[in-house]
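Visitor: Dropping in target_13.tsv, which is TSV, C-alpha atoms and all ligand atoms:
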chain	number	residue	atom	x	y	z
Z	1	ALA	CA	14.73	2.87	1.34
Z	2	PHE	CA	18.05	4.30	0.29
Z	3	THR	CA	18.46	6.32	-2.91
Z	4	PRO	CA	20.43	4.24	-5.42
Z	5	ARG	CA	24.03	5.40	-5.57
Z	6	ILE	CA	27.09	3.82	-7.16
Z	7	PHE	CA	30.55	3.85	-5.61
Z	8	SER	CA	33.70	2.10	-6.76
Z	9	GLY	CA	37.46	2.60	-6.72
Z	10	ILE	CA	40.77	1.57	-8.22
Z	11	GLN	CA	44.20	1.62	-6.60
Z	12	PRO	CA	46.76	3.93	-8.20
Z	13	SER	CA	49.43	1.34	-7.45
Z	14	GLY	CA	50.66	0.91	-11.02
Z	15	GLY	CA	49.51	1.39	-14.58
Z	16	LEU	CA	45.91	0.46	-15.38
Z	17	THR	CA	45.42	-2.86	-17.14
Z	18	LEU	CA	42.96	-4.37	-19.60
Z	19	GLY	CA	41.55	-6.21	-16.55
Z	20	ASN	CA	40.84	-2.91	-14.80
Z	21	TYR	CA	39.32	-1.56	-18.01
Z	22	LEU	CA	36.97	-4.47	-18.76
Z	23	GLY	CA	36.16	-5.38	-15.14
Z	24	ALA	CA	35.78	-1.83	-13.88
Z	25	LEU	CA	36.42	1.33	-15.94
Z	26	LYS	CA	34.37	0.47	-19.03
Z	27	ARG	CA	31.44	-0.43	-16.80
Z	28	PHE	CA	31.90	2.65	-14.58
Z	29	ALA	CA	31.45	4.76	-17.73
Z	30	GLU	CA	28.33	2.80	-18.79
Z	31	LYS	CA	26.78	3.35	-15.34
Z	32	GLN	CA	26.76	7.11	-15.97
Z	33	ASP	CA	23.95	6.54	-18.47
Z	34	GLU	CA	21.68	4.71	-16.04
Z	35	GLY	CA	20.43	7.80	-14.22
Z	36	ILE	CA	22.07	6.84	-10.92
Z	37	GLU	CA	24.61	9.03	-9.12
Z	38	THR	CA	28.14	7.68	-9.70
Z	39	ILE	CA	31.12	8.25	-7.40
Z	40	TYR	CA	34.55	6.95	-8.43
Z	41	CYS	CA	37.65	7.05	-6.28
Z	42	LEU	CA	41.38	6.60	-6.75
Z	43	VAL	CA	42.08	4.69	-3.57
Z	44	ASP	CA	45.59	5.83	-2.70
Z	45	LEU	CA	45.20	4.91	0.98
Z	46	HIS	CA	44.75	1.33	-0.23
Z	47	ALA	CA	47.76	1.60	-2.54
Z	48	ILE	CA	50.15	2.28	0.37
Z	49	THR	CA	49.24	-0.99	2.09
Z	50	VAL	CA	52.22	-2.06	-0.04
Z	51	TRP	CA	55.12	0.43	-0.08
Z	52	GLN	CA	54.94	2.97	-2.92
Z	53	ASP	CA	57.64	5.32	-4.04
Z	54	PRO	CA	56.16	8.75	-3.14
Z	55	GLU	CA	56.93	10.49	-6.45
Z	56	ARG	CA	55.65	7.52	-8.40
Z	57	LEU	CA	52.48	7.38	-6.32
Z	58	ARG	CA	51.79	11.03	-7.14
Z	59	GLN	CA	52.42	10.33	-10.82
Z	60	GLN	CA	50.36	7.14	-10.88
Z	61	THR	CA	47.45	8.87	-9.19
Z	62	ARG	CA	47.35	11.46	-11.98
Z	63	GLU	CA	47.81	8.75	-14.59
Z	64	ALA	CA	44.94	6.73	-13.11
Z	65	ALA	CA	42.74	9.86	-13.15
Z	66	ALA	CA	43.64	10.30	-16.82
Z	67	GLY	CA	42.81	6.61	-17.39
Z	68	PHE	CA	39.37	7.05	-15.84
Z	69	MET	CA	38.57	10.07	-18.00
Z	70	ALA	CA	40.02	8.50	-21.16
Z	71	SER	CA	37.79	5.46	-20.50
Z	72	GLY	CA	34.71	7.67	-20.56
Z	73	ILE	CA	34.24	8.77	-16.96
Z	74	ASP	CA	33.10	12.36	-17.21
Z	75	PRO	CA	34.04	14.33	-14.08
Z	76	THR	CA	31.06	16.62	-14.58
Z	77	ARG	CA	28.61	13.69	-14.56
Z	78	SER	CA	30.43	11.54	-11.98
Z	79	ILE	CA	32.37	12.50	-8.89
Z	80	LEU	CA	36.01	11.56	-9.53
Z	81	PHE	CA	38.41	12.09	-6.64
Z	82	ASN	CA	41.39	10.89	-4.67
Z	83	GLN	CA	40.67	9.05	-1.40
Z	84	SER	CA	43.32	10.72	0.76
Z	85	GLN	CA	41.82	14.14	0.01
Z	86	VAL	CA	38.65	13.22	1.92
Z	87	SER	CA	39.81	12.41	5.44
Z	88	ALA	CA	36.41	10.98	6.39
Z	89	HIS	CA	37.51	7.70	4.69
Z	90	ALA	CA	40.25	7.13	7.25
Z	91	GLU	CA	37.99	8.22	10.12
Z	92	LEU	CA	35.12	5.90	9.24
Z	93	GLY	CA	37.72	3.20	8.48
Z	94	TRP	CA	38.79	3.27	12.14
Z	95	ILE	CA	35.24	3.00	13.42
Z	96	LEU	CA	34.60	0.03	11.14
Z	97	ASN	CA	37.86	-1.60	12.31
Z	98	CYS	CA	36.11	-1.73	15.66
Z	99	VAL	CA	33.03	-3.37	14.13
Z	100	ALA	CA	34.70	-5.93	11.83
Z	101	ARG	CA	35.65	-9.24	13.49
Z	102	LEU	CA	39.08	-10.84	13.21
Z	103	GLY	CA	37.48	-14.09	12.11
Z	104	TRP	CA	35.88	-12.31	9.15
Z	105	MET	CA	39.17	-10.72	8.10
Z	106	ASN	CA	40.90	-14.09	8.35
Z	107	ARG	CA	38.60	-15.45	5.66
Z	108	MET	CA	39.57	-12.86	3.01
Z	109	THR	CA	41.16	-14.77	0.15
Z	110	GLN	CA	42.79	-11.69	-1.41
Z	111	PHE	CA	44.81	-11.11	1.77
Z	112	LYS	CA	45.96	-14.73	1.69
Z	113	ASP	CA	46.93	-14.38	-1.99
Z	114	LYS	CA	48.77	-11.10	-1.49
Z	115	ALA	CA	50.49	-12.04	1.77
Z	116	GLY	CA	51.44	-15.51	0.55
Z	117	LYS	CA	53.99	-17.21	2.79
Z	118	ASN	CA	55.00	-13.80	4.08
Z	119	ALA	CA	52.00	-13.11	6.33
Z	120	GLU	CA	54.14	-12.01	9.31
Z	121	GLN	CA	55.95	-9.39	7.22
Z	122	VAL	CA	53.10	-7.60	5.43
Z	123	SER	CA	51.60	-4.37	6.77
Z	124	LEU	CA	48.72	-4.24	9.21
Z	125	GLY	CA	47.08	-2.00	6.59
Z	126	LEU	CA	47.03	-4.82	4.04
Z	127	TYR	CA	45.13	-6.94	6.54
Z	128	ALA	CA	42.69	-4.13	7.38
Z	129	TYR	CA	42.23	-3.18	3.70
Z	130	PRO	CA	38.73	-4.72	3.37
Z	131	SER	CA	37.48	-2.76	6.38
Z	132	LEU	CA	38.73	0.52	4.85
Z	133	MET	CA	37.01	-0.54	1.62
Z	134	ALA	CA	33.79	-0.98	3.60
Z	135	ALA	CA	34.25	2.58	4.86
Z	136	ASP	CA	34.78	3.87	1.30
Z	137	ILE	CA	31.45	2.41	0.23
Z	138	LEU	CA	29.38	3.07	3.37
Z	139	LEU	CA	30.59	6.67	3.69
Z	140	TYR	CA	28.41	7.52	0.68
Z	141	HIS	CA	25.53	5.21	1.60
Z	142	ALA	CA	26.28	3.56	-1.74
Z	143	THR	CA	23.81	0.86	-2.75
Z	144	HIS	CA	25.64	-0.63	-5.76
Z	145	VAL	CA	29.31	-1.38	-6.23
Z	146	PRO	CA	30.48	-2.30	-9.75
Z	147	VAL	CA	33.61	-4.46	-9.41
Z	148	GLY	CA	35.48	-7.34	-10.98
Z	149	ASP	CA	34.86	-10.82	-9.67
Z	150	ASP	CA	37.95	-10.65	-7.39
Z	151	GLN	CA	36.27	-7.99	-5.22
Z	152	LYS	CA	33.02	-9.86	-4.58
Z	153	GLN	CA	34.12	-11.17	-1.19
Z	154	HIS	CA	35.08	-7.67	-0.03
Z	155	VAL	CA	31.67	-6.24	-0.93
Z	156	GLU	CA	30.04	-9.12	0.94
Z	157	LEU	CA	32.19	-8.29	3.97
Z	158	THR	CA	31.01	-4.68	3.65
Z	159	ARG	CA	27.44	-5.94	4.00
Z	160	ASP	CA	28.39	-7.92	7.11
Z	161	ILE	CA	30.04	-4.86	8.64
Z	162	ALA	CA	27.06	-2.64	7.79
Z	163	ALA	CA	24.64	-5.18	9.27
Z	164	LYS	CA	26.66	-5.54	12.48
Z	165	PHE	CA	26.94	-1.77	12.90
Z	166	ASN	CA	23.18	-1.37	12.42
Z	167	HIS	CA	22.49	-4.23	14.84
Z	168	ASP	CA	25.00	-3.20	17.54
Z	169	TYR	CA	23.73	0.38	17.63
Z	170	GLY	CA	20.07	-0.42	17.01
Z	171	VAL	CA	19.83	1.73	13.90
Z	172	ASP	CA	18.95	1.32	10.24
Z	173	PHE	CA	21.73	3.65	9.15
Z	174	PHE	CA	23.93	1.89	6.60
Z	175	PRO	CA	22.45	0.30	3.45
Z	176	MET	CA	23.45	-3.22	2.37
Z	177	PRO	CA	25.45	-2.50	-0.79
Z	178	GLU	CA	25.24	-4.97	-3.67
Z	179	PRO	CA	28.20	-6.05	-5.76
Z	180	VAL	CA	27.44	-5.51	-9.47
Z	181	ILE	CA	29.53	-8.00	-11.44
Z	182	GLU	CA	28.47	-7.97	-15.08
Z	183	GLY	CA	29.80	-8.47	-18.56
Z	184	ALA	CA	31.83	-11.00	-20.51
Z	185	ALA	CA	35.12	-10.33	-18.69
Z	186	THR	CA	34.53	-10.06	-14.96
Z	187	ARG	CA	37.85	-11.79	-14.30
Z	188	VAL	CA	40.47	-11.23	-16.99
Z	189	MET	CA	43.30	-13.71	-16.51
Z	190	SER	CA	47.06	-13.26	-16.94
Z	191	LEU	CA	48.29	-13.77	-20.52
Z	192	ARG	CA	51.12	-15.92	-19.15
Z	193	ASP	CA	49.23	-18.08	-16.65
Z	194	GLY	CA	45.55	-18.97	-17.05
Z	195	THR	CA	45.19	-19.59	-13.30
Z	196	LYS	CA	46.16	-16.05	-12.19
Z	197	LYS	CA	44.19	-12.85	-12.71
Z	198	MET	CA	45.67	-10.09	-14.82
Z	199	SER	CA	46.98	-7.50	-12.36
Z	200	LYS	CA	48.92	-4.26	-12.39
Z	201	SER	CA	51.02	-5.67	-9.54
Z	202	ASP	CA	52.14	-8.81	-11.44
Z	203	PRO	CA	55.94	-8.58	-11.84
Z	204	SER	CA	55.71	-9.86	-15.45
Z	205	ASP	CA	54.76	-7.06	-17.87
Z	206	ALA	CA	54.02	-9.71	-20.54
Z	207	SER	CA	51.23	-11.02	-18.29
Z	208	ARG	CA	49.06	-7.95	-18.86
Z	209	ILE	CA	48.04	-5.33	-21.37
Z	210	ASN	CA	48.49	-1.83	-19.97
Z	211	LEU	CA	46.19	0.95	-21.12
Z	212	THR	CA	49.34	2.87	-22.05
Z	213	ASP	CA	50.81	0.08	-24.26
Z	214	ASP	CA	51.30	1.05	-27.91
Z	215	ALA	CA	49.80	-0.92	-30.81
Z	216	ASP	CA	52.92	-3.03	-31.44
Z	217	THR	CA	53.26	-3.95	-27.76
Z	218	ILE	CA	49.59	-4.96	-27.56
Z	219	ALA	CA	49.87	-7.10	-30.71
Z	220	GLN	CA	53.08	-8.72	-29.50
Z	221	LYS	CA	51.69	-9.55	-26.04
Z	222	ILE	CA	48.60	-11.16	-27.60
Z	223	ARG	CA	50.72	-13.09	-30.11
Z	224	LYS	CA	52.83	-14.46	-27.23
Z	225	ALA	CA	49.88	-15.15	-24.92
Z	226	ARG	CA	49.89	-18.73	-23.65
Z	227	THR	CA	47.37	-20.94	-25.41
Z	228	ASP	CA	46.95	-24.57	-26.37
Z	229	ALA	CA	47.28	-26.03	-29.86
Z	230	GLU	CA	43.60	-26.91	-30.42
Z	231	PRO	CA	41.33	-24.93	-32.74
Z	232	LEU	CA	38.39	-23.09	-31.21
Z	233	PRO	CA	35.45	-25.43	-30.55
Z	234	GLU	CA	31.88	-25.15	-31.84
Z	235	THR	CA	30.42	-24.19	-28.44
Z	236	LEU	CA	31.56	-22.68	-25.13
Z	237	GLU	CA	31.31	-26.10	-23.47
Z	238	GLY	CA	34.46	-27.04	-25.40
Z	239	LEU	CA	36.45	-24.35	-23.54
Z	240	LYS	CA	35.63	-25.74	-20.10
Z	241	ASP	CA	39.14	-27.06	-19.43
Z	242	ARG	CA	40.99	-24.53	-21.58
Z	243	PRO	CA	41.36	-21.47	-19.31
Z	244	GLU	CA	43.84	-19.60	-21.55
Z	245	ALA	CA	41.64	-20.01	-24.63
Z	246	ARG	CA	38.54	-19.11	-22.65
Z	247	ASN	CA	40.26	-15.97	-21.39
Z	248	LEU	CA	41.09	-14.74	-24.90
Z	249	VAL	CA	37.51	-15.45	-26.03
Z	250	ASN	CA	36.16	-13.50	-23.04
Z	251	ILE	CA	38.44	-10.56	-23.83
Z	252	TYR	CA	37.28	-10.59	-27.46
Z	253	ALA	CA	33.65	-10.71	-26.33
Z	254	ALA	CA	34.00	-7.86	-23.84
Z	255	LEU	CA	35.88	-5.63	-26.28
Z	256	SER	CA	33.49	-6.28	-29.18
Z	257	GLY	CA	30.25	-6.27	-27.19
Z	258	MET	CA	29.50	-9.80	-28.43
Z	259	THR	CA	28.63	-12.72	-26.17
Z	260	ALA	CA	31.33	-15.35	-25.64
Z	261	GLU	CA	29.00	-17.84	-27.41
Z	262	ALA	CA	28.85	-15.61	-30.49
Z	263	VAL	CA	32.66	-15.25	-30.54
Z	264	VAL	CA	33.13	-19.01	-30.41
Z	265	GLY	CA	30.49	-19.37	-33.13
Z	266	GLN	CA	32.34	-16.93	-35.36
Z	267	PHE	CA	35.79	-18.52	-34.93
Z	268	ALA	CA	34.79	-22.20	-34.57
Z	269	GLY	CA	37.33	-24.52	-36.17
Z	270	GLN	CA	39.99	-21.82	-36.47
Z	271	GLY	CA	43.28	-21.98	-34.60
Z	272	PHE	CA	44.98	-19.25	-32.60
Z	273	GLY	CA	47.05	-18.39	-35.67
Z	274	ALA	CA	43.85	-16.79	-36.98
Z	275	PHE	CA	42.16	-15.80	-33.73
Z	276	LYS	CA	45.07	-13.94	-32.13
Z	277	PRO	CA	45.58	-11.43	-34.96
Z	278	ALA	CA	41.84	-10.72	-34.99
Z	279	LEU	CA	41.93	-10.17	-31.22
Z	280	ALA	CA	45.04	-7.97	-31.52
Z	281	ASP	CA	43.36	-5.79	-34.17
Z	282	LEU	CA	40.26	-5.43	-32.02
Z	283	ALA	CA	42.28	-4.63	-28.88
Z	284	VAL	CA	44.37	-2.02	-30.70
Z	285	ALA	CA	41.24	-0.43	-32.21
Z	286	LYS	CA	39.53	-0.19	-28.81
Z	287	LEU	CA	42.52	0.72	-26.66
Z	288	SER	CA	44.58	3.10	-28.77
Z	289	PRO	CA	42.05	5.96	-28.54
Z	290	ILE	CA	42.23	5.54	-24.75
Z	291	SER	CA	46.01	5.69	-24.62
Z	292	THR	CA	46.06	8.69	-26.99
Z	293	GLU	CA	43.59	10.51	-24.76
Z	294	MET	CA	45.57	9.60	-21.62
Z	295	THR	CA	48.70	11.10	-23.17
Z	296	ARG	CA	46.80	14.27	-24.02
Z	297	LEU	CA	45.40	14.59	-20.49
Z	298	MET	CA	48.76	13.82	-18.85
Z	299	ALA	CA	50.31	16.78	-20.65
Z	300	ASP	CA	48.42	19.06	-18.24
Z	301	PRO	CA	48.89	17.67	-14.72
Z	302	GLY	CA	47.64	20.94	-13.20
Z	303	GLU	CA	44.26	20.41	-14.86
Z	304	ILE	CA	44.08	16.82	-13.51
Z	305	ASP	CA	44.84	18.12	-10.02
Z	306	ARG	CA	42.14	20.75	-10.41
Z	307	ILE	CA	39.56	18.14	-11.47
Z	308	LEU	CA	40.49	15.87	-8.55
Z	309	GLY	CA	40.32	18.80	-6.13
Z	310	GLU	CA	36.84	19.68	-7.33
Z	311	GLY	CA	35.81	16.01	-7.07
Z	312	ALA	CA	37.13	15.89	-3.50
Z	313	ASP	CA	34.99	18.90	-2.54
Z	314	ARG	CA	31.89	17.25	-3.97
Z	315	ALA	CA	32.71	13.92	-2.28
Z	316	GLU	CA	33.37	15.66	1.04
Z	317	ALA	CA	29.95	17.33	0.88
Z	318	ILE	CA	28.29	13.90	0.86
Z	319	ALA	CA	30.72	12.09	3.15
Z	320	ARG	CA	31.09	14.57	6.01
Z	321	PRO	CA	27.43	14.59	7.14
Z	322	ILE	CA	27.36	10.76	7.02
Z	323	LEU	CA	30.54	10.58	9.11
Z	324	ASP	CA	29.16	13.13	11.58
Z	325	ARG	CA	25.98	11.11	11.94
Z	326	THR	CA	28.02	7.93	12.43
Z	327	LEU	CA	30.07	9.56	15.21
Z	328	ASP	CA	26.87	10.70	16.85
Z	329	ILE	CA	25.40	7.18	16.73
Z	330	VAL	CA	28.60	5.82	18.31
Z	331	GLY	CA	28.44	8.42	21.11
Z	332	MET	CA	31.05	10.91	19.95
C	1	LIG	P1	44.63	-4.61	-9.45
C	1	LIG	O1	44.23	-5.95	-8.95
C	1	LIG	O2	44.94	-4.56	-10.93
C	1	LIG	O3	45.63	-3.90	-8.58
C	1	LIG	P2	42.52	-3.12	-8.13
C	1	LIG	O4	42.66	-4.00	-6.94
C	1	LIG	O5	42.85	-1.68	-7.97
C	1	LIG	O6	43.31	-3.71	-9.37
C	1	LIG	O7	41.04	-3.27	-8.68
C	1	LIG	C1	40.34	-2.22	-9.33
C	1	LIG	C2	39.11	-2.76	-10.01
C	1	LIG	O8	39.49	-3.50	-11.16
C	1	LIG	C3	38.28	-3.71	-9.13
C	1	LIG	O9	36.90	-3.51	-9.42
C	1	LIG	C4	38.71	-5.06	-9.61
C	1	LIG	O10	37.71	-6.04	-9.40
C	1	LIG	C5	38.92	-4.81	-11.09
C	1	LIG	N1	39.90	-5.74	-11.64
C	1	LIG	C6	41.21	-5.82	-11.31
C	1	LIG	N2	41.81	-6.80	-12.00
C	1	LIG	C7	40.84	-7.36	-12.78
C	1	LIG	C8	40.84	-8.43	-13.73
C	1	LIG	N3	41.94	-9.12	-14.00
C	1	LIG	N4	39.67	-8.72	-14.36
C	1	LIG	C9	38.53	-8.02	-14.10
C	1	LIG	N5	38.47	-7.01	-13.20
C	1	LIG	C10	39.61	-6.68	-12.56
C	2	NA	NA	42.17	-6.18	-6.94
Could you rewrite the structure in this file as structure tokens?
Ligand code: ADP
Ligand code: NA
Guide:
Amino acid sequence: AFTPRIFSGIQPSGGLTLGNYLGALKRFAEKQDEGIETIYCLVDLHAITVWQDPERLRQQTREAAAGFMASGIDPTRSILFNQSQVSAHAELGWILNCVARLGWMNRMTQFKDKAGKNAEQVSLGLYAYPSLMAADILLYHATHVPVGDDQKQHVELTRDIAAKFNHDYGVDFFPMPEPVIEGAATRVMSLRDGTKKMSKSDPSDASRINLTDDADTIAQKIRKARTDAEPLPETLEGLKDRPEARNLVNIYAALSGMTAEAVVGQFAGQGFGAFKPALADLAVAKLSPISTEMTRLMADPGEIDRILGEGADRAEAIARPILDRTLDIVGM
């Protein structure tokens, strides 16, 4: 019986995208109203698994913090902090490296995607990333992890690691955290390629909508999004083999709070010449208050640093006793 607690994170490895917003940030904010403790982390130790320019990393970390707050995460109701400021993450990460099995790591599809044909040249950290992510979650005895669909496998690995730790040491110490993957847009796809997810690390800026894009840029990216020439069908079934169209419908649904079925019902028979401008208007209406608020927050970097520092103290107060107990269980 573990007290319900939510933990999740985002890498400050580039500007936040519409995918991060719909798959993660918007839902992180909603979770604050469910009466469960919420802990949100900018995972900069994960970001450096791929080389980051130091000054840019510092800047992107502040910008990501601003993006969290502008999306509705209230640092007085949630704990919002930067991973590297709580050293217990790295310490538990090492212990869990010694619990996780190579065979498990070898099955991680995100590593295969990110390493591509270059697997001999990527960092050891990129390979160990899921085990550090397990530490992030288990360090707080988190029970629920809201994530996009792409992170499901990593949360499942976290459960395997927790179960093996408990078994190997004969304890019932770590909970089995559950991935919470909800909403109409759990996997927002690239605007240029319906087979790839929208990502801040995609080299093509046209592939994604950034939370900092202005209204014209958002409208232009949606206008140029890849689609087919067919009108929208009567039912969702008709989008089965139309990933680009399905993606735009999902985005509309998630931004409007409608179901994808209702969106298709509303636009049935209309082409993208009509649907795209409606989507662009909706996206601009929902996203421009966020970008305005980010700009306002970014004007005072000292205040962002202060908020993150306070968040780190609160995170540390939960994490340190759990790390100490872990070390004790291990015989240290
Ligand atoms: P990215 O892949 O953009 O670098 P992260 O790996 O930092 O993002 O993921 C942060 C959170 O955002 C995770 O919960 C992840 O599942 C979610 N997320 C990232 N991209 C998408 C997407 N295209 N659609 C839905 N959720 C996403
Ligand atoms: Na990701």
Visitor: Distance limit 12 Å, reference ligand NA 2 (chain C), atoms considered: all atoms listed in the file. Which residues make the cut? Give them as JSON, numbers by chain.
Guide: {"Z": [8, 9, 10, 11, 12, 13, 14, 16, 17, 19, 20, 23, 24, 43, 46, 47, 109, 110, 111, 113, 114, 129, 130, 133, 147, 148, 149, 150, 151, 152, 153, 154, 186, 187, 188, 196, 197, 198, 199, 200, 201, 202]}
Visitor: Of the candidates Z:Asp44, Z:Glu178, Z:Glu63, Z:Glu120, which one gets nearest to ligand LIG 1 (chain C) if we count only C-alpha atoms and all ligand atoms?
Guide: Z:Asp44
Visitor: Between atom CA of Ala66 of chain Z and atom CA of Gly15 of chain Z, what is the distance, to one decimal in Å?
Guide: 10.9 Å
Visitor: What does the structure give for the distance between atom CA of Pro54 of chain Z and atom CA of Pro203 of chain Z, in Å to one decimal?
Guide: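 Spanning atom CA of Pro54 of chain Z to atom CA of Pro203 of chain Z is a straight-line distance of 19.4 Å.
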Visitor: Name the closest residue to Tyr40 of chain Z among the candidates Z:Leu102, Z:Ser87, Z:Asp136, Z:Ala1; distances are taken between atoms, counting only C-alpha atoms.
Guide: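 Nearest candidate to Tyr40 of chain Z out of Z:Leu102, Z:Ser87, Z:Asp136, Z:Ala1: Z:Asp136.
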Visitor: Can you list, as number ranges by chain, every protein, DNA or RNA residue that comes within 7 Å of Phe7 of chain Z when you count all atoms listed in the file, leaving out same-chain residues fewer than 3 positions away?
Guide: Z: 38-40, 137, 142, 144-145
Visitor: Mind checking which residues fall within 9 Å of Gln266 of chain Z, counting only C-alpha atoms, ignoring those fewer than 4 positions away in the same chain, and posting them as a PDB file with C-alpha atoms, keeping the file's coordinate frame?
Guide:
ATOM      1  CA  GLU Z 234      31.880 -25.150 -31.840  1.00  0.00           C
ATOM      2  CA  GLU Z 261      29.000 -17.840 -27.410  1.00  0.00           C
ATOM      3  CA  ALA Z 262      28.850 -15.610 -30.490  1.00  0.00           C
TER       4      ALA Z 262
END
Visitor: To one decimal in Å, tell me the separation between atom CA of Leu239 of chain Z and atom CA of Lys112 of chain Z.
Guide: 28.6 Å
Visitor: From the set Z:Glu293, Z:Asp213, Z:Asp33, Z:Glu244, which residue has the shortest atom-to-atom contact distance to Glu230 of chain Z, counting only C-alpha atoms?
Guide: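 Checking each of Z:Glu293, Z:Asp213, Z:Asp33, Z:Glu244 against Glu230 of chain Z, counting only C-alpha atoms, the winner is Z:Glu244.
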Visitor: Just want the 10 Å neighbourhood of Ile304 of chain Z, counted on all atoms listed in the file, with same-chain residues fewer than 3 positions away dropped. Output as a list in words.
Guide: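 Close residues of Ile304 of chain Z: Thr61, Arg62, Glu63, Ala65, Ala66, Met69, Leu297, Met298, Ala299, Asp300, Pro301, Ile307, Leu308, Gly309 and Glu310 of chain Z.
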Visitor: Would you mind telling me which residue in Z:Gln59, Z:Lys221, Z:Leu132, Z:Val330 lies nearest to His89 of chain Z when using all atoms listed in the file?
Guide: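 Between Z:Gln59, Z:Lys221, Z:Leu132, Z:Val330, the residue approaching His89 of chain Z most closely is Z:Leu132.
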Visitor: Measuring atom to atom with all atoms listed in the file, identify which of Z:Arg208, Z:Arg246, Z:His167, Z:Lys276 is nearest to ligand LIG 1 (chain C).
Guide: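 For ligand LIG 1 (chain C), the nearest of the candidates is Z:Arg208.
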Visitor: Of the candidates Z:Asp324, Z:Asp193, Z:Glu55, Z:Glu37, which one gets nearest to ligand LIG 1 (chain C) if we count only C-alpha atoms and all ligand atoms?
Guide: Z:Asp193
Visitor: Would you kindly return, as a ChimeraX atom specification, each protein, DNA or RNA residue with an atom no farther than 12 Å from any atom of Phe173 of chain Z, considering all atoms listed in the file and excluding same-chain residues fewer than 5 positions away?
Guide: /Z:1-2,138-142,161-168,322-323,325-330
Visitor: Please provide as a list of chain:residue names all residues within 8 Å of Ala254 of chain Z, with the sequence filter that same-chain residues fewer than 3 positions apart are discarded (counting only C-alpha atoms).
Guide: Z:Leu22, Z:Gly183, Z:Ala184, Z:Ala185, Z:Asn250, Z:Ile251, Z:Gly257, Z:Met258, Z:Thr259
Visitor: Please enclose the listed atoms of segment 219-227 of chain Z in an axis-aligned box, pad each side by 3 Å, and write out the centre and the three edge lengths in Å, rounded to one decimal, as JSON.
Guide:
{"center_x": 50.2, "center_y": -14.0, "center_z": -27.2, "size_x": 11.7, "size_y": 19.8, "size_z": 13.1}
Visitor: Kindly provide, as number ranges by chain, the polymer residues lying within 12 Å of (44.7, -28.6, -30.8), counting all atoms listed in the file and using the coordinates exactly as they appear in the file.
Guide: Z: 227-233, 238-239, 242, 245, 269-273
